[in-house]
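Peer 1: Dropping in run22.cif, which is mmCIF, C-alpha atoms:
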```cif
data_input
loop_
_atom_site.label_atom_id
_atom_site.label_comp_id
_atom_site.auth_asym_id
_atom_site.auth_seq_id
_atom_site.Cartn_x
_atom_site.Cartn_y
_atom_site.Cartn_z
CA MET V 1 -22.97 -2.09 20.90
CA SER V 2 -23.34 0.99 18.76
CA THR V 3 -22.59 0.88 15.05
CA ALA V 4 -20.02 3.66 15.47
CA LEU V 5 -17.73 1.20 17.22
CA LEU V 6 -18.35 -1.70 14.85
CA PHE V 7 -15.49 -0.87 12.47
CA PRO V 8 -12.91 0.03 15.16
CA LEU V 9 -13.65 -3.26 16.91
CA THR V 10 -13.21 -5.11 13.62
CA GLY V 11 -9.96 -3.23 13.18
CA ALA V 12 -8.79 -4.40 16.60
CA ALA V 13 -9.66 -8.00 15.70
CA LEU V 14 -7.79 -7.71 12.39
CA PHE V 15 -4.78 -6.20 14.15
CA VAL V 16 -4.62 -9.08 16.61
CA MET V 17 -5.01 -11.61 13.81
CA GLY V 18 -2.20 -9.90 11.95
CA VAL V 19 0.11 -9.97 14.98
CA ALA V 20 -0.58 -13.68 15.50
CA GLY V 21 0.06 -14.39 11.81
CA LEU V 22 3.26 -12.34 11.82
CA LEU V 23 4.58 -14.31 14.79
CA LEU V 24 3.41 -17.78 13.84
CA GLN V 25 3.74 -18.09 10.07
CA PRO V 26 7.24 -19.13 9.00
CA HIS V 27 6.99 -18.17 5.32
CA LEU V 28 8.10 -14.60 4.63
CA LEU V 29 5.36 -13.87 2.07
CA ARG V 30 2.80 -14.90 4.69
CA LYS V 31 4.49 -12.64 7.20
CA ILE V 32 4.17 -9.78 4.70
CA ILE V 33 0.46 -10.52 4.22
CA ALA V 34 -0.01 -10.61 8.00
CA PHE V 35 1.80 -7.30 8.32
CA ASN V 36 -0.53 -5.74 5.75
CA ILE V 37 -3.60 -7.07 7.55
CA MET V 38 -2.23 -5.64 10.80
CA GLY V 39 -1.88 -2.27 9.09
CA SER V 40 -5.40 -2.41 7.70
CA GLY V 41 -6.70 -3.08 11.20
CA ILE V 42 -4.87 -0.04 12.54
CA PHE V 43 -6.24 2.13 9.72
CA LEU V 44 -9.78 0.95 10.50
CA ILE V 45 -9.29 1.84 14.17
CA LEU V 46 -7.93 5.31 13.31
CA VAL V 47 -10.68 6.28 10.88
CA GLY V 48 -13.44 4.53 12.80
CA LEU V 49 -12.60 6.16 16.12
CA GLY V 50 -12.08 9.48 14.32
CA GLN V 51 -15.72 9.70 13.42
CA ARG V 52 -17.37 8.68 16.66
CA GLY V 53 -18.67 12.25 16.87
CA GLY V 54 -20.85 11.59 13.83
CA SER V 55 -19.13 13.55 11.05
CA PRO V 56 -16.16 12.05 9.16
CA ASP V 57 -12.80 13.34 10.33
CA PRO V 58 -10.65 14.58 7.43
CA VAL V 59 -7.47 14.64 9.54
CA SER V 60 -7.47 10.93 10.35
CA GLN V 61 -8.53 10.15 6.78
CA ALA V 62 -5.56 12.09 5.41
CA MET V 63 -3.19 10.36 7.84
CA VAL V 64 -4.51 6.95 6.82
CA LEU V 65 -4.22 7.90 3.13
CA THR V 66 -0.51 8.54 3.59
CA GLY V 67 -0.35 5.37 5.68
CA ILE V 68 -1.75 3.21 2.89
CA VAL V 69 0.82 4.55 0.43
CA VAL V 70 3.66 4.08 2.91
CA SER V 71 2.52 0.52 3.62
CA VAL V 72 2.81 -0.39 -0.07
CA ALA V 73 6.35 1.00 -0.07
CA ALA V 74 7.12 -1.04 3.05
CA THR V 75 5.67 -4.13 1.37
CA GLY V 76 7.86 -3.52 -1.67
CA LEU V 77 10.96 -3.15 0.49
CA ALA V 78 10.08 -6.29 2.47
CA LEU V 79 9.59 -8.22 -0.75
CA ALA V 80 12.94 -7.00 -2.07
CA LEU V 81 14.62 -8.26 1.10
CA ALA V 82 12.73 -11.56 0.96
CA ARG V 83 13.78 -11.88 -2.65
CA ARG V 84 17.39 -11.33 -1.69
CA LEU V 85 17.10 -14.06 0.92
CA LEU V 86 15.56 -16.34 -1.71
CA ASP V 87 18.50 -15.66 -4.02
CA LEU V 88 21.04 -16.31 -1.27
CA THR V 89 19.52 -19.31 0.51
CA GLY V 90 16.90 -20.69 -1.86
CA LYS V 91 14.24 -20.32 0.82
CA MET V 92 11.78 -17.64 1.79
CA GLN V 93 12.06 -18.29 5.51
CA LEU V 94 14.06 -16.76 8.26
CA PRO V 95 16.76 -19.16 9.40
CA VAL V 96 15.62 -20.86 12.62
CA PRO V 97 18.39 -22.26 14.80
CA GLY V 98 17.88 -25.89 15.76
CA GLU V 99 14.99 -26.55 13.42
CA ASP V 100 15.13 -27.81 9.86
CA ALA V 101 13.21 -25.39 7.69
CA ALA V 102 12.11 -28.07 5.24
CA ARG V 103 8.50 -27.10 5.68
CA ASP V 104 8.32 -25.13 2.44
CA GLY V 105 7.44 -28.21 0.41
CA PRO V 106 3.73 -28.74 1.17
CA ASP V 107 3.20 -24.98 1.29
CA ALA V 108 3.05 -24.65 -2.48
CA MET N 1 -31.76 -1.83 10.61
CA SER N 2 -30.91 -3.07 7.13
CA VAL N 3 -27.85 -0.81 7.23
CA LEU N 4 -26.70 -2.52 10.41
CA ALA N 5 -27.25 -5.91 8.78
CA LEU N 6 -25.14 -4.84 5.80
CA ASP N 7 -22.42 -3.55 8.11
CA LEU N 8 -22.39 -6.81 10.02
CA LEU N 9 -22.16 -8.71 6.74
CA LEU N 10 -19.27 -6.51 5.60
CA VAL N 11 -17.44 -6.93 8.91
CA THR N 12 -17.92 -10.70 8.75
CA ALA N 13 -16.57 -10.75 5.20
CA LEU N 14 -13.55 -8.68 6.28
CA LEU N 15 -12.73 -10.94 9.20
CA TRP N 16 -13.33 -14.10 7.19
CA SER N 17 -11.17 -13.08 4.23
CA GLY N 18 -8.46 -11.76 6.53
CA LEU N 19 -8.39 -14.95 8.58
CA GLN N 20 -8.48 -17.19 5.52
CA SER N 21 -5.64 -15.33 3.85
CA LEU N 22 -3.60 -15.86 7.02
CA VAL N 23 -4.29 -19.55 7.59
CA SER N 24 -4.84 -20.94 4.10
CA ARG N 25 -2.49 -23.82 3.28
CA ASN N 26 -2.00 -22.70 -0.30
CA LEU N 27 0.13 -19.59 -0.66
CA PHE N 28 -1.38 -18.53 -4.00
CA ARG N 29 -4.85 -18.91 -2.54
CA SER N 30 -3.98 -16.83 0.48
CA ILE N 31 -2.66 -14.01 -1.74
CA VAL N 32 -5.85 -14.01 -3.81
CA LEU N 33 -7.83 -13.91 -0.57
CA PHE N 34 -5.70 -10.99 0.54
CA ILE N 35 -6.69 -9.13 -2.64
CA VAL N 36 -10.33 -9.93 -1.84
CA PHE N 37 -9.69 -8.61 1.65
CA GLY N 38 -8.39 -5.35 0.14
CA LEU N 39 -11.57 -4.96 -1.90
CA PHE N 40 -13.71 -5.51 1.20
CA MET N 41 -11.57 -2.87 2.95
CA ALA N 42 -12.46 -0.48 0.13
CA LEU N 43 -16.15 -1.16 0.79
CA ALA N 44 -15.57 -0.53 4.49
CA TRP N 45 -14.00 2.85 3.66
CA VAL N 46 -17.07 3.76 1.63
CA ARG N 47 -19.23 2.85 4.64
CA LEU N 48 -17.01 5.07 6.81
CA ASP N 49 -17.57 8.09 4.48
CA ALA N 50 -14.00 8.02 3.17
CA PRO N 51 -14.16 7.86 -0.65
CA ASP N 52 -10.50 8.94 -0.93
CA LEU N 53 -9.43 5.95 1.10
CA ALA N 54 -11.71 3.65 -0.90
CA LEU N 55 -10.05 4.79 -4.14
CA THR N 56 -6.54 4.41 -2.76
CA GLU N 57 -7.26 1.07 -1.14
CA THR N 58 -8.70 -0.37 -4.35
CA ILE N 59 -5.76 0.67 -6.48
CA ILE N 60 -2.91 0.26 -4.01
CA GLY N 61 -4.11 -2.16 -1.34
CA ALA N 62 -5.76 -4.61 -3.68
CA GLY N 63 -4.10 -3.85 -7.01
CA ILE N 64 -0.45 -2.98 -6.57
CA THR N 65 0.20 -4.89 -3.34
CA GLY N 66 -1.55 -7.89 -4.88
CA ALA N 67 0.60 -7.64 -8.00
CA LEU N 68 3.75 -7.36 -5.90
CA LEU N 69 2.84 -10.41 -3.80
CA LEU N 70 1.83 -12.50 -6.82
CA ASN N 71 5.13 -11.59 -8.41
CA GLY N 72 6.91 -12.72 -5.25
CA VAL N 73 5.10 -16.06 -5.13
CA GLY N 74 5.87 -16.58 -8.81
CA GLN N 75 9.58 -16.11 -8.17
CA TRP N 76 9.41 -18.46 -5.21
CA HIS N 77 7.66 -21.16 -7.27
CA ALA N 78 10.26 -20.80 -10.02
CA LYS N 79 12.98 -21.33 -7.43
CA GLN N 80 11.22 -24.43 -6.09
CA ARG N 81 10.95 -25.85 -9.61
CA ASN N 82 14.60 -25.20 -10.31
CA LYS N 83 15.56 -26.93 -7.08
CA LEU N 84 13.55 -30.01 -8.03
CA LYS N 85 15.28 -30.32 -11.38
CA MET H 1 7.74 -27.36 22.82
CA ARG H 2 6.74 -25.63 19.62
CA GLN H 3 3.08 -26.50 20.23
CA LEU H 4 3.37 -24.89 23.64
CA ALA H 5 4.86 -21.71 22.21
CA VAL H 6 2.15 -21.49 19.53
CA THR H 7 -0.60 -21.93 22.11
CA PHE H 8 1.01 -19.34 24.33
CA ILE H 9 1.23 -16.79 21.51
CA ILE H 10 -2.38 -17.38 20.46
CA ILE H 11 -3.64 -17.00 24.04
CA LEU H 12 -1.58 -13.82 24.46
CA CYS H 13 -2.98 -12.37 21.22
CA ILE H 14 -6.57 -13.17 22.19
CA ALA H 15 -6.02 -11.59 25.61
CA PHE H 16 -4.57 -8.48 23.97
CA GLY H 17 -7.53 -8.32 21.57
CA LEU H 18 -10.03 -8.56 24.43
CA LEU H 19 -8.16 -5.80 26.25
CA LEU H 20 -8.37 -3.60 23.12
CA PHE H 21 -12.10 -4.34 22.86
CA LEU H 22 -12.71 -3.38 26.49
CA VAL H 23 -10.70 -0.17 26.13
CA MET H 24 -12.59 0.83 23.01
CA LEU H 25 -15.99 0.13 24.53
CA ASP H 26 -15.00 2.25 27.51
CA LEU H 27 -13.68 5.29 25.62
CA PRO H 28 -14.89 8.70 26.79
CA ALA H 29 -16.74 10.92 24.32
CA PRO H 30 -14.37 12.77 21.99
CA HIS H 31 -13.50 16.22 23.28
CA VAL H 32 -11.38 17.38 20.32
CA HIS H 33 -13.40 17.97 17.17
CA LEU H 34 -10.86 18.09 14.37
CA ALA H 35 -13.54 18.01 11.67
CA VAL H 36 -15.03 21.25 13.01
CA GLN H 37 -11.61 22.92 13.14
CA VAL H 38 -10.84 21.87 9.58
CA ASN H 39 -14.18 23.17 8.35
CA GLU H 40 -13.57 26.53 10.04
CA LYS H 41 -10.27 27.03 8.22
CA LEU H 42 -11.26 25.38 4.95
CA ALA H 43 -11.88 28.70 3.19
CA GLU H 44 -8.25 29.73 3.75
CA SER H 45 -6.74 26.51 2.42
CA GLY H 46 -7.28 27.16 -1.31
CA VAL H 47 -9.21 23.93 -1.93
CA ILE H 48 -12.75 22.81 -1.10
CA HIS H 49 -12.16 19.13 -0.35
CA PRO H 50 -11.23 18.78 3.34
CA VAL H 51 -8.97 15.72 2.93
CA THR H 52 -6.87 17.46 0.27
CA ALA H 53 -6.75 20.57 2.46
CA VAL H 54 -5.37 18.53 5.36
CA LEU H 55 -2.93 16.60 3.18
CA LEU H 56 -1.37 19.51 1.33
CA ASN H 57 -2.03 22.53 3.45
CA PHE H 58 -2.72 22.00 7.15
CA ARG H 59 -0.38 19.03 7.50
CA GLY H 60 1.72 19.50 4.38
CA TYR H 61 4.94 18.55 6.15
CA ASP H 62 3.48 15.10 6.82
CA THR H 63 2.97 14.57 3.12
CA LEU H 64 6.43 15.95 2.38
CA LEU H 65 8.06 13.49 4.75
CA GLU H 66 5.91 10.68 3.41
CA VAL H 67 7.27 11.25 -0.09
CA VAL H 68 10.78 11.19 1.39
CA VAL H 69 9.93 7.84 3.01
CA LEU H 70 8.75 6.43 -0.33
CA PHE H 71 11.90 7.64 -2.05
CA VAL H 72 14.15 6.15 0.63
CA ALA H 73 12.27 2.82 0.43
CA LEU H 74 12.80 2.72 -3.33
CA THR H 75 16.49 3.56 -2.92
CA ALA H 76 16.90 0.73 -0.42
CA MET H 77 15.11 -1.61 -2.80
CA LEU H 78 17.40 -0.62 -5.67
CA THR H 79 20.48 -1.34 -3.58
CA GLN H 80 19.10 -4.84 -2.95
CA ALA H 81 18.45 -5.33 -6.65
CA LYS H 82 21.69 -3.86 -7.95
CA GLY H 83 23.89 -6.92 -7.97
CA ARG H 84 21.12 -9.14 -9.24
CA ASN H 85 20.06 -7.05 -12.19
CA LEU H 86 23.46 -6.95 -13.77
CA GLN H 87 23.59 -10.75 -13.99
CA HIS H 88 20.19 -11.11 -15.51
CA ILE H 89 20.08 -8.52 -18.28
CA THR H 90 18.86 -10.22 -21.40
CA THR H 91 19.70 -8.58 -24.69
CA LYS H 92 17.68 -10.83 -26.93
CA PRO H 93 13.97 -10.00 -27.18
CA CYS H 94 11.78 -12.54 -25.43
CA SER H 95 9.48 -14.56 -27.62
CA VAL H 96 5.92 -13.28 -27.33
CA PRO H 97 3.33 -16.01 -26.77
CA MET H 98 0.13 -15.89 -28.78
CA GLN H 99 -2.30 -15.02 -26.00
CA ILE H 100 -0.30 -11.99 -24.94
CA GLU H 101 -1.34 -10.14 -28.11
CA VAL H 102 -4.84 -9.74 -26.73
CA LEU H 103 -3.37 -8.31 -23.54
CA GLN H 104 -1.18 -5.96 -25.55
CA TRP H 105 -4.18 -4.72 -27.52
CA LEU H 106 -6.08 -4.17 -24.27
CA THR H 107 -3.09 -2.36 -22.79
CA ARG H 108 -2.92 0.00 -25.76
CA VAL H 109 -6.54 0.93 -25.04
CA VAL H 110 -6.38 1.04 -21.25
CA VAL H 111 -3.11 2.88 -20.62
CA PRO H 112 -4.13 6.16 -22.34
CA LEU H 113 -7.44 5.92 -20.47
CA ALA H 114 -5.53 5.42 -17.20
CA ILE H 115 -3.44 8.52 -17.88
CA MET H 116 -6.63 10.47 -18.53
CA VAL H 117 -8.20 9.16 -15.32
CA ALA H 118 -5.06 10.14 -13.40
CA GLY H 119 -5.30 13.68 -14.80
CA TYR H 120 -8.94 13.86 -13.83
CA LEU H 121 -8.30 12.57 -10.30
CA LEU H 122 -5.54 15.13 -9.89
CA TRP H 123 -7.84 17.95 -10.95
CA ALA H 124 -10.80 16.62 -8.97
CA GLY H 125 -8.77 16.51 -5.75
CA ALA H 126 -9.43 20.21 -5.21
CA TYR H 127 -13.17 19.81 -4.72
CA ARG H 128 -14.04 16.12 -4.26
CA ALA H 129 -12.50 12.70 -3.63
CA GLY H 130 -9.24 12.39 -5.53
CA GLY H 131 -5.77 13.87 -5.46
CA ALA H 132 -2.11 13.22 -6.01
CA PHE H 133 -1.93 9.81 -4.32
CA GLN H 134 -4.86 8.31 -6.17
CA ALA H 135 -3.63 9.70 -9.49
CA ALA H 136 -0.12 8.37 -8.86
CA ALA H 137 -1.55 4.96 -7.96
CA VAL H 138 -3.48 4.86 -11.23
CA LEU H 139 -0.29 5.69 -13.14
CA ALA H 140 1.59 2.94 -11.30
CA ALA H 141 -1.20 0.48 -12.07
CA ALA H 142 -0.91 1.42 -15.74
CA SER H 143 2.79 0.62 -15.61
CA VAL H 144 2.03 -2.76 -14.01
CA LEU H 145 -0.26 -3.49 -16.94
CA LEU H 146 2.46 -2.41 -19.40
CA ARG H 147 4.91 -4.73 -17.68
CA LEU H 148 2.50 -7.67 -17.74
CA ALA H 149 1.98 -7.17 -21.45
CA SER H 150 5.81 -7.09 -21.78
CA MET H 151 5.69 -3.67 -23.38
CA LEU H 152 7.89 -2.06 -20.76
CA HIS H 153 11.30 -3.27 -19.61
CA THR H 154 13.74 -1.95 -17.09
CA THR H 155 17.24 -3.13 -16.50
CA GLY H 156 19.40 -2.20 -13.58
CA LEU H 157 19.47 1.19 -11.94
CA PRO H 158 17.49 4.18 -13.20
CA GLY H 159 19.30 6.43 -15.64
CA PRO H 160 19.83 10.19 -15.14
CA ALA H 161 16.50 11.17 -16.70
CA SER H 162 14.42 8.87 -14.54
CA ARG H 163 16.43 9.85 -11.46
CA ILE H 164 15.41 13.46 -12.07
CA GLY H 165 11.84 12.28 -12.64
CA LEU H 166 11.79 10.32 -9.40
CA LEU H 167 12.98 13.36 -7.45
CA ALA H 168 11.24 16.22 -9.32
CA GLY H 169 8.02 16.31 -7.30
CA LEU H 170 9.88 16.10 -4.01
CA LEU H 171 12.32 18.85 -5.00
CA PHE H 172 9.49 21.14 -6.08
CA PHE H 173 7.73 20.51 -2.77
CA PHE H 174 10.96 21.34 -0.93
CA ALA H 175 11.42 24.47 -3.04
CA VAL H 176 7.92 25.70 -2.15
CA ALA H 177 8.53 24.98 1.53
CA ALA H 178 11.85 26.83 1.46
CA ALA H 179 10.43 29.79 -0.47
CA GLY H 180 7.58 30.05 2.03
CA THR H 181 9.99 30.09 4.96
CA ILE H 182 12.29 32.66 3.38
CA THR H 183 9.71 35.15 2.14
CA ARG H 184 7.34 35.04 5.11
CA GLN H 185 9.12 36.06 8.25
CA GLN H 186 6.53 34.96 10.83
CA GLY H 187 4.94 32.18 8.79
CA SER H 188 5.27 28.55 9.78
CA LEU H 189 6.75 25.81 7.61
CA LEU H 190 4.82 25.20 4.39
CA GLN H 191 2.38 28.06 4.93
CA TYR H 192 1.27 29.22 1.51
CA PRO H 193 0.35 32.83 0.65
CA ASP H 194 -3.46 32.98 0.76
CA ASP H 195 -4.04 34.13 -2.82
CA TRP H 196 -1.75 31.52 -4.31
CA ALA H 197 -2.67 28.55 -2.15
CA GLY H 198 -4.99 26.84 -4.64
CA LEU H 199 -2.57 27.17 -7.55
CA LEU H 200 0.45 26.11 -5.52
CA ILE H 201 -1.40 23.04 -4.22
CA LEU H 202 -2.33 22.08 -7.78
CA PHE H 203 1.29 22.42 -8.94
CA ILE H 204 2.63 20.48 -5.96
CA GLU H 205 0.06 17.77 -6.55
CA ALA H 206 0.96 17.56 -10.23
CA GLY H 207 4.64 17.16 -9.33
CA LEU H 208 3.83 14.59 -6.66
CA THR H 209 1.60 12.63 -9.02
CA PHE H 210 4.40 12.41 -11.56
CA SER H 211 7.13 11.45 -9.09
CA LEU H 212 5.03 9.16 -6.91
CA GLY H 213 3.71 7.42 -10.01
CA LEU H 214 7.29 6.86 -11.13
CA ILE H 215 8.39 5.69 -7.67
CA LEU H 216 5.53 3.20 -7.31
CA ALA H 217 5.98 1.97 -10.88
CA ARG H 218 9.70 1.56 -10.31
CA THR H 219 8.97 -0.41 -7.13
CA PHE H 220 7.00 -2.94 -9.14
CA LEU H 221 9.39 -3.01 -12.08
CA THR H 222 12.41 -3.52 -9.81
CA LEU H 223 10.79 -6.50 -8.14
CA ALA H 224 9.53 -7.96 -11.41
CA ASP H 225 12.74 -7.48 -13.36
CA ASP H 226 13.80 -11.04 -14.14
CA ASP H 227 10.59 -12.66 -15.25
CA ASP H 228 12.02 -13.03 -18.74
CA THR H 229 15.06 -14.98 -17.64
CA ARG H 230 12.77 -17.21 -15.67
CA GLY H 231 10.74 -17.79 -18.82
CA THR H 232 13.83 -18.99 -20.67
CA GLU H 233 14.94 -21.22 -17.81
CA ARG H 234 11.65 -23.03 -17.76
#
```
Could you write out this file's structure as structure tokens?

Peer 2:
Amino acid sequence: MSTALLFPLTGAALFVMGVAGLLLQPHLLRKIIAFNIMGSGIFLILVGLGQRGGSPDPVSQAMVLTGIVVSVAATGLALALARRLLDLTGKMQLPVPGEDAARDGPDA
Amino acid sequence: MSVLALDLLLVTALLWSGLQSLVSRNLFRSIVLFIVFGLFMALAWVRLDAPDLALTETIIGAGITGALLLNGVGQWHAKQRNKLK
Amino acid sequence: MRQLAVTFIIILCIAFGLLLFLVMLDLPAPHVHLAVQVNEKLAESGVIHPVTAVLLNFRGYDTLLEVVVLFVALTAMLTQAKGRNLQHITTKPCSVPMQIEVLQWLTRVVVPLAIMVAGYLLWAGAYRAGGAFQAAAVLAAASVLLRLASMLHTTGLPGPASRIGLLAGLLFFFAVAAAGTITRQQGSLLQYPDDWAGLLILFIEAGLTFSLGLILARTFLTLADDDDTRGTER
């Protein structure tokens, strides 16, 4: 395996980890963390594959730069919505039909 | 060769901190590990010849996102405490 | 049942990851060399640093729309916070604990430095790593520090002055884009006149730094707005 592909492959692993976390973790803050890790994986893939030719690719770097800033705005918006849910329901979990969401106790 | 070893170390650190921040039982701990993950990402950007991204990732990815998440967990803890009262 | 679903999702994710790995290991050699194309045109862009050239010249519309996205996200966040803020406004000054004085002293030293660093990053963006986004992020980080030292408070929605501040960089960017389209008949969107490109990029970046810094700072301040009331409840 060449070193050029090392970081894109890591990015793919991080992306998959993020998807799994996003689907499996019930707590909204954990979902937001998972979403950020997913994004970081995608950024690593973009920049890493961009410079397979040897020289760094300014186009993918600029795209990822905007992506990082957008992802912090998305995180802020997600936190505002999670906060609203916390104010309304007292929990930071999506309501699950047919399952008591009393799992937030040991999470602290 | 030593560069490859360093890269492997960095990749391992990235995957480890990412995984730990996802599966850690303690929410505060997983946010701190996420900040650590952001700093390792900054190192990865330096290795990928992207100093702009390293700067942005350090300030935004680790700093501001971390502050936002810590603020969120603080509000959640306060709510838990109020519920217990 | 839940165990089964969890196992299924994990297996699916691992399978997807392996598929991604295989695809990446099997990629053909790149046949589009964007770096070469950027380097060819770099002399016309008005700046020396290729990433800044891509961000503000070659793909300026991307950056323009990105700032719109940030502004929309902040607006959405403010609508979520609107009802809450009005209940929680505290008029009495919060009591300052002892240990925060050290933080306040540190903040008084660090924040001017941060503003200086932001100015430097903005200027440096033309020829090396740096630029509007990094500078704006430093400004936002300074505001986070101010908030943590309880030296900066926001209540409710932004007033007229800060609304103008939040929009100024975006409006200037739009104005430049519109002026370019009107004055140059055959030019494409956001194509700068060659002689002015460097100066225009610097002005746009200065405006973006200011507005993006305000937007990011406001994002944090909006989410952190009721820490004081929580302190009194405790």

Peer 1: Go ahead and compute the interatomic distance for atom CA of Ala73 of chain H and atom CA of Ala82 of chain V, in Å to one decimal.

Peer 2: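 Computing the Euclidean distance for atom CA of Ala73 of chain H and atom CA of Ala82 of chain V yields 14.4 Å.
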
Peer 1: In Å, rounded to a single decimal, give me how far atom CA of Ala114 of chain H is from atom CA of Ala142 of chain H.

Peer 2: 6.3 Å

Peer 1: In Å, rounded to a single decimal, give me how far atom CA of Ser24 of chain N is from atom CA of Lys31 of chain V.

Peer 2: 12.9 Å

Peer 1: Between H:Val102, H:Ala126, H:Arg218, H:Ile204, which one has atoms that come closest to Gly76 of chain V, using all atoms listed in the file?

Peer 2: H:Arg218

Peer 1: Using all atoms listed in the file, what does the table of chain H residues within 8 Å of chain V look like, with each row giving the shortest atom pair and its distance in Å to one decimal, sorted by chain and ascending number, as a tab-separated table?

Peer 2:
```
residue	atom	partner	partner_atom	distance
H:Val6	CA	V:Leu24	CA	6.9
H:Ile9	CA	V:Ala20	CA	7.0
H:Ile10	CA	V:Ala20	CA	6.4
H:Cys13	CA	V:Val16	CA	5.9
H:Ile14	CA	V:Val16	CA	7.2
H:Phe16	CA	V:Val16	CA	7.4
H:Gly17	CA	V:Val16	CA	5.8
H:Leu20	CA	V:Ala12	CA	6.6
H:Phe21	CA	V:Leu9	CA	6.2
H:Met24	CA	V:Leu9	CA	7.4
H:Leu25	CA	V:Leu5	CA	7.6
H:Ala29	CA	V:Gly53	CA	7.8
H:Pro30	CA	V:Gly53	CA	6.7
H:His33	CA	V:Gly53	CA	7.8
H:Leu34	CA	V:Asp57	CA	6.5
H:Ala35	CA	V:Asp57	CA	4.9
H:Val38	CA	V:Pro58	CA	7.6
H:Pro50	CA	V:Pro58	CA	5.9
H:Val51	CA	V:Pro58	CA	4.9
H:Thr52	CA	V:Ala62	CA	7.5
H:Val54	CA	V:Val59	CA	6.1
H:Leu55	CA	V:Ala62	CA	5.7
H:Thr63	CA	V:Thr66	CA	7.0
H:Glu66	CA	V:Thr66	CA	6.8
H:Val69	CA	V:Val70	CA	7.3
H:Leu70	CA	V:Ala73	CA	5.9
H:Ala73	CA	V:Leu77	CA	6.1
H:Leu74	CA	V:Leu77	CA	7.2
H:Ala76	CA	V:Leu77	CA	7.2
H:Met77	CA	V:Leu77	CA	5.5
H:Gln80	CA	V:Ala80	CA	6.6
H:Ala81	CA	V:Ala80	CA	7.4
H:Phe133	CA	V:Val69	CA	7.6
H:Leu216	CA	V:Ala73	CA	7.6
H:Thr219	CA	V:Gly76	CA	6.4
H:Phe220	CA	V:Gly76	CA	7.5
H:Leu223	CA	V:Ala80	CA	6.5
```

Peer 1: N:Leu22, N:Leu53, N:Ala42, N:Leu84: which is nearest Ile32 of chain V, counting all atoms listed in the file?

Peer 2: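 Nearest to Ile32 of chain V: N:Leu22.
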
Peer 1: Name the residues captured by the PyMOL selection byres ((chain N) within 7 of (chain H)) when it is applied to the shown file; answer as a list in words.

Peer 2: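 Selected by the PyMOL selection byres ((chain N) within 7 of (chain H)) in this file: Pro51, Asp52, Leu55, Thr56, Ile59, Ile60, Ile64, Leu68 and Asn71 of chain N.
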
Peer 1: Can you pull out every residue within 9 Å of Leu43 of chain N, counting all atoms listed in the file, but drop anything in the same chain fewer than 5 positions away, and send it as a ChimeraX atom specification?

Peer 2: /N:10,38,48,54

Peer 1: Could you please select, counting only C-alpha atoms, the residues of chain N within 9 Å of chain V and state them as a ChimeraX atom specification?

Peer 2: /N:4,7-8,11-12,14-15,18-19,21-23,25-28,30-31,34,37-38,41,44-45,48-50,52-53,56-57,60-61,64-65,68-69,72-73,75-77,79-80,83
